[in-house]
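To be precise, the following lines are coords.txt, and they hold compact mmCIF, C-alpha atoms.
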```txt
# COMPACT_ATOMS: atom_id res chain seq x y z
CA MET A 183 8.32 -3.95 13.41
CA MET A 184 7.91 -7.16 11.44
CA LEU A 185 4.61 -7.95 9.69
CA ASN A 186 3.62 -11.03 7.74
CA LYS A 187 0.27 -10.94 5.91
CA THR A 188 -1.35 -13.38 3.51
CA PHE A 189 -4.31 -12.52 1.30
CA HIS A 190 -5.98 -13.89 -1.81
CA MET A 191 -6.86 -12.23 -5.09
CA ASN A 192 -9.38 -13.57 -7.60
CA GLN A 193 -7.03 -13.15 -10.56
CA SER A 194 -4.16 -15.04 -12.11
CA VAL A 195 -0.65 -14.51 -10.75
CA GLU A 196 0.27 -12.37 -13.74
CA GLU A 197 -2.87 -10.21 -13.48
CA THR A 198 -2.44 -9.80 -9.70
CA MET A 199 1.17 -8.70 -10.10
CA ARG A 200 0.25 -6.30 -12.90
CA ARG A 201 -2.65 -4.75 -10.98
CA LEU A 202 -0.78 -4.42 -7.67
CA GLY A 203 2.13 -2.87 -9.55
CA ASN A 204 -0.13 -0.17 -10.99
CA VAL A 205 -0.44 1.91 -7.81
CA SER A 206 -1.96 4.85 -9.63
CA SER A 207 -5.08 2.76 -10.42
CA TYR A 208 -5.98 2.26 -6.74
CA ARG A 209 -4.10 4.85 -4.69
CA HIS A 210 -7.25 6.98 -4.23
CA HIS A 211 -8.78 4.05 -2.39
CA LEU A 212 -6.03 4.03 0.24
CA GLU A 213 -6.78 6.03 3.34
CA GLY A 214 -3.90 8.10 4.65
CA VAL A 215 -1.92 7.85 1.41
CA GLU A 216 -1.39 11.41 0.26
CA ARG A 217 1.10 10.59 -2.49
CA ALA A 218 1.96 7.39 -4.32
CA GLU A 219 3.75 8.07 -7.59
CA VAL A 220 5.50 5.39 -9.56
CA GLY A 221 8.73 6.56 -11.09
CA ASN A 222 10.97 4.88 -13.57
CA GLU A 223 12.96 1.70 -13.07
CA GLY A 224 11.14 0.33 -10.03
CA SER A 225 11.00 3.33 -7.74
CA SER A 226 8.03 5.14 -6.23
CA GLN A 227 7.50 8.18 -4.02
CA TRP A 228 5.18 7.84 -1.00
CA ARG A 229 3.73 10.28 1.51
CA LEU A 230 1.54 8.82 4.27
CA GLN A 231 -0.60 10.18 7.06
CA LEU A 232 -0.07 7.47 9.66
CA PRO A 233 -2.24 6.86 12.72
CA LEU A 234 -1.78 9.12 15.75
CA GLY A 235 -0.98 12.10 13.52
CA PHE A 236 2.42 10.90 12.31
CA ARG A 237 3.48 11.58 8.73
CA ALA A 238 6.00 9.67 6.67
CA GLU A 239 7.61 10.33 3.32
CA PHE A 240 9.99 7.94 1.56
CA THR A 241 11.15 6.54 -1.75
CA LEU A 242 10.60 2.85 -2.33
CA SER A 243 12.82 0.83 -4.66
CA GLU A 244 11.65 -2.55 -5.91
CA ALA A 245 12.82 -5.42 -8.08
CA ILE A 246 10.99 -8.47 -9.43
CA THR A 247 12.74 -11.83 -9.20
CA ASP A 248 12.34 -14.81 -11.54
CA ASP A 249 10.06 -16.66 -9.11
CA ASN A 250 7.16 -14.13 -8.97
CA THR A 251 8.53 -12.30 -5.95
CA VAL A 252 8.83 -8.55 -5.56
CA VAL A 253 11.50 -7.34 -3.15
CA PHE A 254 11.55 -3.74 -1.99
CA ARG A 255 13.27 -1.33 0.36
CA SER A 256 13.12 2.34 1.19
CA LEU A 257 15.80 4.74 0.06
CA GLY A 258 15.83 7.48 2.67
CA GLY A 259 12.88 9.21 4.21
CA ASP A 260 11.00 8.88 7.48
CA LEU A 261 10.53 5.09 7.39
CA GLU A 262 13.12 2.38 6.95
CA ILE A 263 11.34 -0.40 5.05
CA VAL A 264 12.50 -3.77 3.78
CA GLY A 265 10.11 -6.38 2.47
CA MET A 266 8.89 -8.74 -0.17
CA MET A 267 5.68 -9.90 -1.77
CA SER A 268 5.49 -13.40 -3.20
CA PHE A 269 2.71 -14.55 -5.53
CA HIS A 270 1.55 -18.17 -5.61
CA ARG A 271 -0.94 -19.77 -8.00
CA ILE A 272 -3.75 -21.55 -6.14
CA LYS A 273 -6.02 -21.94 -9.18
CA SER A 274 -5.98 -20.31 -12.60
CA ASN A 275 -8.03 -17.38 -11.26
CA LEU A 276 -6.89 -17.39 -7.61
CA THR A 277 -3.55 -16.08 -6.32
CA GLU A 278 -2.19 -16.16 -2.80
CA VAL A 279 -0.07 -13.14 -1.96
CA ASN A 280 2.37 -13.23 0.95
CA LEU A 281 3.60 -9.88 2.22
CA GLU A 282 6.58 -9.73 4.56
CA LEU A 283 7.38 -6.25 5.79
CA ASN A 284 9.91 -4.94 8.27
CA TYR A 285 9.69 -1.24 9.07
CA GLU A 286 11.06 1.25 11.56
CA SER A 287 10.15 4.90 11.87
CA ASN A 288 12.73 7.61 12.43
CA SER A 289 10.46 8.77 15.26
CA PRO A 290 11.21 6.96 18.56
CA LEU A 291 7.80 8.11 19.86
CA PHE A 292 5.97 6.48 16.93
CA ASN A 293 7.99 3.27 17.37
CA MET A 294 7.09 3.09 21.06
CA LEU A 295 3.39 3.73 20.41
CA ASP A 296 3.41 1.28 17.51
CA ARG A 297 4.80 -1.47 19.73
CA MET A 298 2.13 -0.74 22.35
CA LEU A 299 -0.88 -0.18 20.08
CA ASN A 300 0.02 -2.02 16.83
CA VAL A 301 -1.01 0.99 14.75
CA GLY A 302 1.36 0.08 11.90
CA ASP A 303 -0.13 -3.40 11.66
CA GLN A 304 -3.67 -1.97 11.65
CA PHE A 305 -2.69 0.58 8.99
CA VAL A 306 -1.30 -2.15 6.68
CA VAL A 307 -4.31 -4.46 7.25
CA ASN A 308 -6.73 -1.62 6.43
CA GLN A 309 -4.81 -0.81 3.24
CA LEU A 310 -4.82 -4.46 2.14
CA ARG A 311 -8.59 -4.63 2.72
CA ARG A 312 -9.10 -1.50 0.63
CA ILE A 313 -6.90 -2.83 -2.20
CA ARG A 314 -8.73 -6.15 -2.28
CA ALA A 315 -12.14 -4.44 -2.17
CA HIS A 316 -11.07 -2.20 -5.05
CA PHE A 317 -10.02 -5.21 -7.13
CA GLU A 318 -13.26 -7.00 -6.27
CA GLY A 319 -15.22 -3.98 -7.51
CA ILE A 320 -16.82 -3.11 -4.17
CA ALA A 321 -14.61 -0.27 -3.01
CA ALA A 322 -15.34 3.41 -2.80
CA PRO A 323 -12.55 5.99 -2.71
CA ALA A 324 -11.14 6.77 0.71
CA PRO A 325 -13.08 9.60 2.40
CA ARG A 326 -10.19 12.08 2.16
CA ALA A 327 -9.62 11.30 -1.54
CA LEU A 328 -13.35 11.57 -2.30
CA ALA A 329 -13.58 14.96 -0.54
CA ALA A 330 -10.58 16.28 -2.47
CA TYR A 331 -12.05 14.99 -5.74
CA SER A 332 -15.55 16.40 -5.15
CA SER A 333 -14.23 19.79 -4.00
CA GLN A 334 -12.88 20.35 -7.52
CA PHE A 335 -16.41 20.66 -8.88
CA LYS A 336 -18.99 23.33 -8.16
CA PRO A 337 -22.68 22.46 -8.17
CA VAL A 338 -24.67 23.51 -11.20
CA THR A 339 -27.33 26.07 -10.35
CA ALA A 340 -30.25 27.08 -12.54
```

Once you've parsed the file, please lay out its structure as C-alpha cells.
Amino acid sequence: MMLNKTFHMNQSVEETMRRLGNVSSYRHHLEGVERAEVGNEGSSQWRLQLPLGFRAEFTLSEAITDDNTVVFRSLGGDLEIVGMMSFHRIKSNLTEVNLELNYESNSPLFNMLDRMLNVGDQFVVNQLRRIRAHFEGIAAPAPRALAAYSSQFKPVTA
C-alpha cells in the first residue's frame, strides 16, 4: 500500500530532523507501538499492534542523504517497508515534512482488509497526529503506555 503524507512542524529543518530521529523521546505517545528502539548505525527495532488485532515486528534501516532526506526500508520481519521523508524549509521556524511510504504485510488477510478499510493509512495518520501534538507540547502519552507507566507505582497509604 502506498501512502503519501505531508505535515508541518514549528521548528527549523535541523531541529525537526533531530527530534523525529530521536524516537525514544516520543515513542510512549504512539498508540500501538510496543517497541521502538534505535540501534546503532541507522537501524531500529519496531513492534506494533496494528488495527484489527494484527501484530508486526521488523527492523528498519535508514540513511540520511545530503539534501535533508531520510530513506528507509525494513530488513526482515512481518512488514515490508520502503519509504522516505524529505524536509523542506518554509520559514526559519517552519518545516514541511513529506512522508512517502510503501508497505506490504506478510499476512494476506491484513493486506485484503487494509485495501478495503484503509486501516494502515489511518494508523499512520494517527501516529503523525500524536507526534506533532507531542512536539507542540499538547500530547499526553498513549493510553496503553500511560497504563503501563502508572502500574509501576503503588499508591501511598497513610

Enumerate, in order of chain and increasing residue number, the residues of stretch 210-239 of chain A with an atom no farther than 12 Å from stretch 282-305 of chain A, each with its shortest atom pair and distance in Å to one decimal, counting all atoms listed in the file, as JSON lines.
```
{"residue": "A:Leu212", "atom": "CA", "partner": "A:Phe305", "partner_atom": "CA", "distance": 10.0}
{"residue": "A:Glu213", "atom": "CA", "partner": "A:Phe305", "partner_atom": "CA", "distance": 8.9}
{"residue": "A:Gly214", "atom": "CA", "partner": "A:Phe305", "partner_atom": "CA", "distance": 8.8}
{"residue": "A:Val215", "atom": "CA", "partner": "A:Phe305", "partner_atom": "CA", "distance": 10.5}
{"residue": "A:Leu230", "atom": "CA", "partner": "A:Phe305", "partner_atom": "CA", "distance": 10.4}
{"residue": "A:Gln231", "atom": "CA", "partner": "A:Phe305", "partner_atom": "CA", "distance": 10.0}
{"residue": "A:Leu232", "atom": "CA", "partner": "A:Phe305", "partner_atom": "CA", "distance": 7.4}
{"residue": "A:Pro233", "atom": "CA", "partner": "A:Val301", "partner_atom": "CA", "distance": 6.3}
{"residue": "A:Leu234", "atom": "CA", "partner": "A:Val301", "partner_atom": "CA", "distance": 8.2}
{"residue": "A:Gly235", "atom": "CA", "partner": "A:Phe292", "partner_atom": "CA", "distance": 9.6}
{"residue": "A:Phe236", "atom": "CA", "partner": "A:Phe292", "partner_atom": "CA", "distance": 7.3}
{"residue": "A:Arg237", "atom": "CA", "partner": "A:Ser287", "partner_atom": "CA", "distance": 9.9}
{"residue": "A:Ala238", "atom": "CA", "partner": "A:Ser287", "partner_atom": "CA", "distance": 8.2}
{"residue": "A:Glu239", "atom": "CA", "partner": "A:Ser287", "partner_atom": "CA", "distance": 10.4}
```

Any idea what's packed within 7 Å of A:Ser194, counting only C-alpha atoms, ignoring anything in its chain fewer than 4 positions away? Could you give it as a VMD selection string?
-> chain A and resid 198 274 to 277

Shell around A:Phe269 at 9 Å using only C-alpha atoms, local window under 3 positions removed, as a PyMOL selection string = chain A and resi 195-196+198-199+249-252+277-280

Expressed in Å, the length from atom CA of A:Ser206 to atom CA of A:Gln309 is 14.3 Å

Quick one: residues within 9 Å of A:Arg314, only C-alpha atoms counted, chain neighbours fewer than 4 positions away excluded, as JSON, numbers by chain?
-> {"A": [189, 190, 191, 309, 310, 318, 319, 320, 321]}

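Residue neighbourhood of A:Ser256, excluding near-sequence residues (fewer than 2 positions): Gly224, Ser225, Ser226, Gln227, Trp228, Ala238, Glu239, Phe240, Thr241, Leu242, Ser243, Glu244, Val253, Phe254, Gly258, Gly259, Asp260, Leu261, Glu262, Ile263, Val264, Gly265, Met266, Leu283, Asn284, Tyr285, Glu286 and Ser287 of chain A, at 12 Å, using only C-alpha atoms.
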
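Compared by their closest atoms to A:Arg312, and using all atoms listed in the file, the residues A:Arg255, A:Arg209, A:Lys187, A:Arg201 rank with A:Arg209 nearest.
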
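One distance worth recording is that between atom CA of A:His316 and atom CA of A:Asn204, which is 12.6 Å.
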
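Across the model, the gap from atom CA of A:Thr247 to atom CA of A:Asn222 is 17.4 Å.
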